[in-house]
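What follows is target-v1.tsv (TSV, C-alpha atoms).
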```
chain	number	residue	atom	x	y	z
A	282	MET	CA	-38.68	-26.69	112.57
A	283	ASP	CA	-35.83	-26.96	115.08
A	284	PRO	CA	-35.05	-30.66	115.78
A	285	LYS	CA	-33.50	-29.77	119.14
A	286	ALA	CA	-36.71	-28.20	120.50
A	287	SER	CA	-38.74	-31.38	120.06
A	288	ASP	CA	-36.12	-33.85	121.32
A	289	PRO	CA	-37.84	-35.96	124.04
A	290	PHE	CA	-34.55	-37.57	125.07
A	291	SER	CA	-32.79	-34.35	125.95
A	292	SER	CA	-31.52	-34.02	129.52
A	293	ASP	CA	-31.91	-30.25	129.60
A	294	PRO	CA	-35.09	-29.44	131.58
A	295	GLU	CA	-35.81	-26.39	129.45
A	296	GLU	CA	-35.85	-28.58	126.33
A	297	ILE	CA	-38.31	-31.10	127.78
A	298	PRO	CA	-41.86	-29.71	127.52
A	299	ALA	CA	-43.21	-31.71	130.49
A	300	ALA	CA	-40.42	-30.47	132.79
A	301	GLY	CA	-41.39	-26.88	132.07
A	302	ILE	CA	-45.04	-27.60	132.87
A	303	VAL	CA	-44.19	-29.26	136.20
A	304	THR	CA	-41.84	-26.44	137.13
A	305	ARG	CA	-44.52	-23.84	136.35
A	306	MET	CA	-47.15	-25.74	138.39
A	307	LEU	CA	-45.14	-25.70	141.63
A	308	PRO	CA	-45.57	-22.71	143.93
A	309	LYS	CA	-42.80	-20.11	143.63
A	310	GLY	CA	-41.21	-20.96	146.99
A	311	ILE	CA	-40.98	-24.68	146.18
A	312	SER	CA	-38.87	-26.04	143.37
A	313	GLY	CA	-38.71	-29.59	142.12
A	314	SER	CA	-35.01	-29.72	142.92
A	315	ALA	CA	-35.59	-28.69	146.55
A	316	LEU	CA	-38.08	-31.52	147.01
A	317	LYS	CA	-35.72	-33.96	145.29
A	318	ASP	CA	-32.81	-32.79	147.48
A	319	TRP	CA	-34.89	-33.27	150.64
A	320	LEU	CA	-35.86	-36.81	149.61
A	321	ASP	CA	-32.25	-37.62	148.68
A	322	ARG	CA	-31.01	-36.43	152.11
A	323	ARG	CA	-33.66	-38.57	153.80
A	324	ARG	CA	-32.77	-41.58	151.68
A	325	LYS	CA	-29.04	-41.22	152.42
A	326	SER	CA	-29.57	-40.93	156.18
A	327	ILE	CA	-31.91	-43.91	156.41
A	328	ARG	CA	-30.76	-46.76	158.64
A	329	PRO	CA	-30.83	-50.34	157.29
A	330	TRP	CA	-34.35	-51.73	157.55
A	331	ALA	CA	-33.01	-55.13	158.71
A	332	SER	CA	-31.52	-53.59	161.86
A	333	PHE	CA	-34.55	-51.30	162.23
A	334	VAL	CA	-36.91	-54.28	162.64
A	335	ASP	CA	-34.45	-56.73	164.26
A	336	GLN	CA	-36.56	-58.46	166.96
A	337	ARG	CA	-33.51	-59.25	169.11
A	338	LYS	CA	-33.01	-55.52	169.76
A	339	PHE	CA	-36.43	-55.01	171.37
A	340	SER	CA	-37.04	-55.30	175.08
A	341	LYS	CA	-39.29	-54.00	177.78
A	342	PRO	CA	-37.91	-50.81	179.37
A	343	LYS	CA	-37.17	-50.98	183.11
A	344	ASN	CA	-38.76	-47.65	184.04
A	345	PHE	CA	-40.27	-44.47	182.63
A	346	GLY	CA	-36.87	-42.74	182.52
A	347	GLU	CA	-35.54	-45.43	180.22
A	348	VAL	CA	-38.62	-45.10	178.01
A	349	CYS	CA	-37.95	-41.37	177.67
A	350	GLN	CA	-34.27	-41.94	176.86
A	351	ARG	CA	-35.12	-44.58	174.27
A	352	VAL	CA	-37.76	-42.43	172.59
A	353	VAL	CA	-35.48	-39.39	172.36
A	354	ARG	CA	-32.46	-41.35	171.09
A	355	ASN	CA	-34.43	-43.54	168.69
A	356	LEU	CA	-36.25	-40.55	167.21
A	357	ASP	CA	-32.86	-38.96	166.60
A	358	THR	CA	-31.32	-42.16	165.21
A	359	TYR	CA	-34.19	-43.36	163.03
A	360	HIS	CA	-35.81	-40.08	161.97
A	361	SER	CA	-35.51	-40.91	158.27
A	362	ASN	CA	-37.00	-44.38	158.74
A	363	TYR	CA	-39.88	-42.83	160.66
A	364	THR	CA	-40.40	-40.26	157.91
A	365	PHE	CA	-40.77	-43.02	155.32
A	366	ILE	CA	-43.18	-44.90	157.60
A	367	PHE	CA	-45.28	-41.73	157.88
A	368	LEU	CA	-45.24	-41.21	154.10
A	369	GLY	CA	-46.13	-44.88	153.58
A	370	LEU	CA	-49.14	-44.58	155.90
A	371	ILE	CA	-50.31	-41.47	154.04
A	372	PHE	CA	-49.91	-43.30	150.73
A	373	TYR	CA	-51.84	-46.32	152.07
A	374	CYS	CA	-54.65	-44.12	153.35
A	375	ILE	CA	-55.01	-42.29	150.04
A	376	ILE	CA	-54.82	-45.44	147.90
A	377	SER	CA	-57.27	-47.38	150.07
A	378	SER	CA	-59.97	-44.69	149.76
A	379	PRO	CA	-61.15	-44.08	146.19
A	380	ILE	CA	-63.33	-41.17	147.32
A	381	LEU	CA	-60.29	-39.51	148.87
A	382	LEU	CA	-58.44	-39.97	145.58
A	383	ILE	CA	-61.30	-38.20	143.81
A	384	ALA	CA	-61.19	-35.37	146.37
A	385	LEU	CA	-57.44	-34.94	145.83
A	386	ALA	CA	-57.98	-34.96	142.07
A	387	VAL	CA	-60.61	-32.21	142.45
A	388	PHE	CA	-58.19	-30.12	144.56
A	389	VAL	CA	-55.29	-30.57	142.14
A	390	GLY	CA	-57.58	-29.85	139.18
A	391	ALA	CA	-58.98	-26.71	140.81
A	392	PHE	CA	-55.50	-25.45	141.65
A	393	TYR	CA	-54.27	-26.23	138.13
A	394	ILE	CA	-57.16	-24.38	136.49
A	395	ILE	CA	-56.71	-21.37	138.77
A	396	HIS	CA	-52.96	-21.43	138.14
A	397	LEU	CA	-53.45	-21.56	134.36
A	398	ARG	CA	-55.84	-18.62	134.50
A	399	SER	CA	-53.32	-16.63	136.53
A	400	MET	CA	-50.60	-17.41	133.98
A	401	GLU	CA	-52.75	-15.88	131.21
A	402	SER	CA	-53.51	-12.73	133.17
A	403	LYS	CA	-53.33	-11.59	136.76
A	404	LEU	CA	-56.24	-12.84	138.85
A	405	VAL	CA	-57.96	-9.90	140.53
A	406	VAL	CA	-60.71	-10.44	143.11
A	407	PHE	CA	-62.38	-7.44	144.76
A	408	GLY	CA	-59.70	-5.17	143.30
A	409	ARG	CA	-56.76	-7.14	144.77
A	410	GLU	CA	-54.33	-9.39	142.94
A	411	MET	CA	-54.38	-13.02	144.14
A	412	THR	CA	-51.04	-14.38	145.32
A	413	GLN	CA	-50.03	-18.05	145.09
A	414	GLY	CA	-51.24	-18.63	148.65
A	415	HIS	CA	-54.60	-17.06	147.86
A	416	GLN	CA	-54.89	-19.33	144.82
A	417	LEU	CA	-54.23	-22.40	146.98
A	418	GLY	CA	-56.84	-21.18	149.45
A	419	LEU	CA	-59.38	-20.71	146.65
A	420	ALA	CA	-58.67	-24.21	145.34
A	421	GLY	CA	-59.11	-25.55	148.88
A	422	ALA	CA	-62.40	-23.70	149.29
A	423	VAL	CA	-63.68	-25.09	145.99
A	424	SER	CA	-62.74	-28.65	146.92
A	425	LEU	CA	-63.66	-28.44	150.63
A	426	PRO	CA	-67.14	-29.99	150.16
A	427	VAL	CA	-65.60	-32.93	148.29
A	428	PHE	CA	-62.99	-33.43	151.05
A	429	TRP	CA	-65.77	-33.31	153.65
A	430	LEU	CA	-67.81	-35.92	151.77
A	431	ALA	CA	-64.71	-38.10	151.36
A	432	GLY	CA	-64.02	-38.09	155.11
A	433	ALA	CA	-60.62	-36.42	154.84
A	434	GLY	CA	-60.73	-35.35	158.50
A	435	ALA	CA	-61.08	-38.94	159.65
A	436	ALA	CA	-58.25	-39.95	157.31
A	437	VAL	CA	-55.95	-37.30	158.77
A	438	PHE	CA	-56.64	-38.44	162.32
A	439	TRP	CA	-56.21	-42.10	161.31
A	440	VAL	CA	-52.81	-41.36	159.76
A	441	LEU	CA	-51.69	-39.36	162.82
A	442	GLY	CA	-52.91	-42.05	165.23
A	443	ALA	CA	-51.35	-44.91	163.26
A	444	THR	CA	-48.09	-42.99	162.94
A	445	LEU	CA	-47.92	-42.24	166.66
A	446	ALA	CA	-48.75	-45.86	167.52
A	447	VAL	CA	-46.19	-47.43	165.17
A	448	ILE	CA	-43.36	-44.94	165.74
A	449	GLY	CA	-44.03	-44.56	169.47
A	450	THR	CA	-44.05	-48.31	170.02
A	451	HIS	CA	-40.86	-48.79	168.03
A	452	ALA	CA	-39.06	-45.89	169.73
A	453	ALA	CA	-40.08	-47.01	173.24
A	454	PHE	CA	-39.21	-50.70	172.89
A	455	ARG	CA	-36.13	-50.54	170.61
A	456	GLU	CA	-32.97	-50.84	172.71
A	457	LEU	CA	-30.38	-48.12	172.36
A	458	GLU	CA	-27.23	-48.71	170.37
A	459	SER	CA	-24.15	-49.45	172.48
A	460	SER	CA	-22.57	-46.09	171.56
A	461	ASP	CA	-25.71	-44.28	172.77
A	462	VAL	CA	-25.66	-46.11	176.11
A	463	GLU	CA	-21.98	-45.24	176.72
A	464	GLU	CA	-22.64	-41.60	175.83
A	465	LEU	CA	-25.55	-41.48	178.26
A	466	LEU	CA	-23.47	-42.97	181.08
A	467	MET	CA	-20.53	-40.59	180.56
A	468	GLU	CA	-22.49	-37.35	180.47
A	469	PRO	CA	-21.60	-34.95	183.31
A	470	VAL	CA	-24.32	-34.33	185.86
```
Could you render the structure from this file as structure tokens?
Amino acid sequence: MDPKASDPFSSDPEEIPAAGIVTRMLPKGISGSALKDWLDRRRKSIRPWASFVDQRKFSKPKNFGEVCQRVVRNLDTYHSNYTFIFLGLIFYCIISSPILLIALAVFVGAFYIIHLRSMESKLVVFGREMTQGHQLGLAGAVSLPVFWLAGAGAAVFWVLGATLAVIGTHAAFRELESSDVEELLMEPV
């Protein structure tokens, strides 16, 4: 038996059995490193949370034009913070609904079973080979009744509404940074 093949402390992903399983479970267009890179870029571009929620920097806008300027500039400035707020609201919604957790588990389980079957041999339905997208669609169709019973539609609209309310309020009432105000004043007309 090769001691290197069973080394759980190895940093090489091909030598870690779990890393190979996770890599095989992801759709072909998405790799674990791409997701990790995206999260790292978001984390690096995040603004300090203390300045993000500093109450002294909030004020009532004078007119609708100022609201529009604030929203556009703050969305550009704090896009990473807003992304993490959105992800946090999704996480809260999923964790606070045990039935929704069960529905997600059914979907992931259905996709995993279909994916394992396709790894053994090509899945053929009505004489056509099923692609990765078709497999996801089949897993969604299998778990659709469970999502319907869990109230996933209401959860999606709750997350979207809460996100728009929190981010919209912050973006409209957060004053612009001094460099943004100077840039706005010096733009040619």
(Q) Which residue is closest to Gly434 of chain A? Choose from A:His360, A:His451, A:Ala391, A:Cys374 and count only C-alpha atoms. (A) A:Cys374
Give me the segment 372-394 of chain A side of the contact with segment 420-427 of chain A, cut-off 9 Å, one line per residue showing its nearest atom pair and distance in Å at one decimal, counting only C-alpha atoms, sorted by chain and residue number, as JSON lines.
```
{"residue": "A:Ile380", "atom": "CA", "partner": "A:Val427", "partner_atom": "CA", "distance": 8.6}
{"residue": "A:Leu381", "atom": "CA", "partner": "A:Val427", "partner_atom": "CA", "distance": 8.5}
{"residue": "A:Ile383", "atom": "CA", "partner": "A:Val427", "partner_atom": "CA", "distance": 8.1}
{"residue": "A:Ala384", "atom": "CA", "partner": "A:Val427", "partner_atom": "CA", "distance": 5.4}
{"residue": "A:Leu385", "atom": "CA", "partner": "A:Ser424", "partner_atom": "CA", "distance": 8.3}
{"residue": "A:Val387", "atom": "CA", "partner": "A:Ser424", "partner_atom": "CA", "distance": 6.1}
{"residue": "A:Phe388", "atom": "CA", "partner": "A:Ser424", "partner_atom": "CA", "distance": 5.3}
{"residue": "A:Val389", "atom": "CA", "partner": "A:Ala420", "partner_atom": "CA", "distance": 7.9}
{"residue": "A:Gly390", "atom": "CA", "partner": "A:Ala420", "partner_atom": "CA", "distance": 8.4}
{"residue": "A:Ala391", "atom": "CA", "partner": "A:Ala420", "partner_atom": "CA", "distance": 5.2}
{"residue": "A:Phe392", "atom": "CA", "partner": "A:Ala420", "partner_atom": "CA", "distance": 5.0}
{"residue": "A:Tyr393", "atom": "CA", "partner": "A:Ala420", "partner_atom": "CA", "distance": 8.7}
{"residue": "A:Ile394", "atom": "CA", "partner": "A:Ala420", "partner_atom": "CA", "distance": 9.0}
```
Local residues around (-37.1, -41.9, 172.9), at most 12 Å away, using all atoms listed in the file, as an mmCIF file with C-alpha atoms, keeping the file's coordinate frame:
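Result file point-v8.cif:
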```
data_model
loop_
_atom_site.group_PDB
_atom_site.id
_atom_site.type_symbol
_atom_site.label_atom_id
_atom_site.label_comp_id
_atom_site.auth_asym_id
_atom_site.auth_seq_id
_atom_site.Cartn_x
_atom_site.Cartn_y
_atom_site.Cartn_z
ATOM 1 C CA PRO A 342 -37.910 -50.810 179.370
ATOM 2 C CA PHE A 345 -40.270 -44.470 182.630
ATOM 3 C CA GLY A 346 -36.870 -42.740 182.520
ATOM 4 C CA GLU A 347 -35.540 -45.430 180.220
ATOM 5 C CA VAL A 348 -38.620 -45.100 178.010
ATOM 6 C CA CYS A 349 -37.950 -41.370 177.670
ATOM 7 C CA GLN A 350 -34.270 -41.940 176.860
ATOM 8 C CA ARG A 351 -35.120 -44.580 174.270
ATOM 9 C CA VAL A 352 -37.760 -42.430 172.590
ATOM 10 C CA VAL A 353 -35.480 -39.390 172.360
ATOM 11 C CA ARG A 354 -32.460 -41.350 171.090
ATOM 12 C CA ASN A 355 -34.430 -43.540 168.690
ATOM 13 C CA LEU A 356 -36.250 -40.550 167.210
ATOM 14 C CA ASP A 357 -32.860 -38.960 166.600
ATOM 15 C CA THR A 358 -31.320 -42.160 165.210
ATOM 16 C CA TYR A 359 -34.190 -43.360 163.030
ATOM 17 C CA HIS A 360 -35.810 -40.080 161.970
ATOM 18 C CA ILE A 448 -43.360 -44.940 165.740
ATOM 19 C CA GLY A 449 -44.030 -44.560 169.470
ATOM 20 C CA THR A 450 -44.050 -48.310 170.020
ATOM 21 C CA HIS A 451 -40.860 -48.790 168.030
ATOM 22 C CA ALA A 452 -39.060 -45.890 169.730
ATOM 23 C CA ALA A 453 -40.080 -47.010 173.240
ATOM 24 C CA PHE A 454 -39.210 -50.700 172.890
ATOM 25 C CA ARG A 455 -36.130 -50.540 170.610
ATOM 26 C CA GLU A 456 -32.970 -50.840 172.710
ATOM 27 C CA LEU A 457 -30.380 -48.120 172.360
ATOM 28 C CA ASP A 461 -25.710 -44.280 172.770
#
```
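Coordinates place atom CA of Arg337 of chain A at a distance of 25.2 Å from atom CA of Leu370 of chain A.
Counting only C-alpha atoms, the residue from A:Ile366, A:Ile371, A:Ser314, A:Ala435 that sits nearest to Phe333 of chain A is A:Ile366.
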Q | For atom CA of Gly442 of chain A and atom CA of Val334 of chain A, the interatomic separation in Å (one decimal) | A | 20.3 Å
Let me have the centre and edge lengths in Å, one decimal, of the box along x, y and z around every listed atom of segment 388-395 of chain A with 3 Å of margin on each side, as AutoDock Vina command-line options.
```
--center_x -56.6 --center_y -26.0 --center_z 140.5 --size_x 10.7 --size_y 15.2 --size_z 14.1
```
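Atom CA of Ala386 of chain A is found 14.7 Å from atom CA of Gly432 of chain A.
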Q.
From the options A:Ala436, A:Leu441, A:Leu430, A:Leu397, which residue's atoms come nearest to Gln416 of chain A, counting all atoms listed in the file?
A. A:Leu397
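Ranking A:Val440, A:Val405, A:Met400, A:Ile327 by their shortest atom-to-atom distance to Tyr363 of chain A, with only C-alpha atoms included, puts A:Ile327 first.
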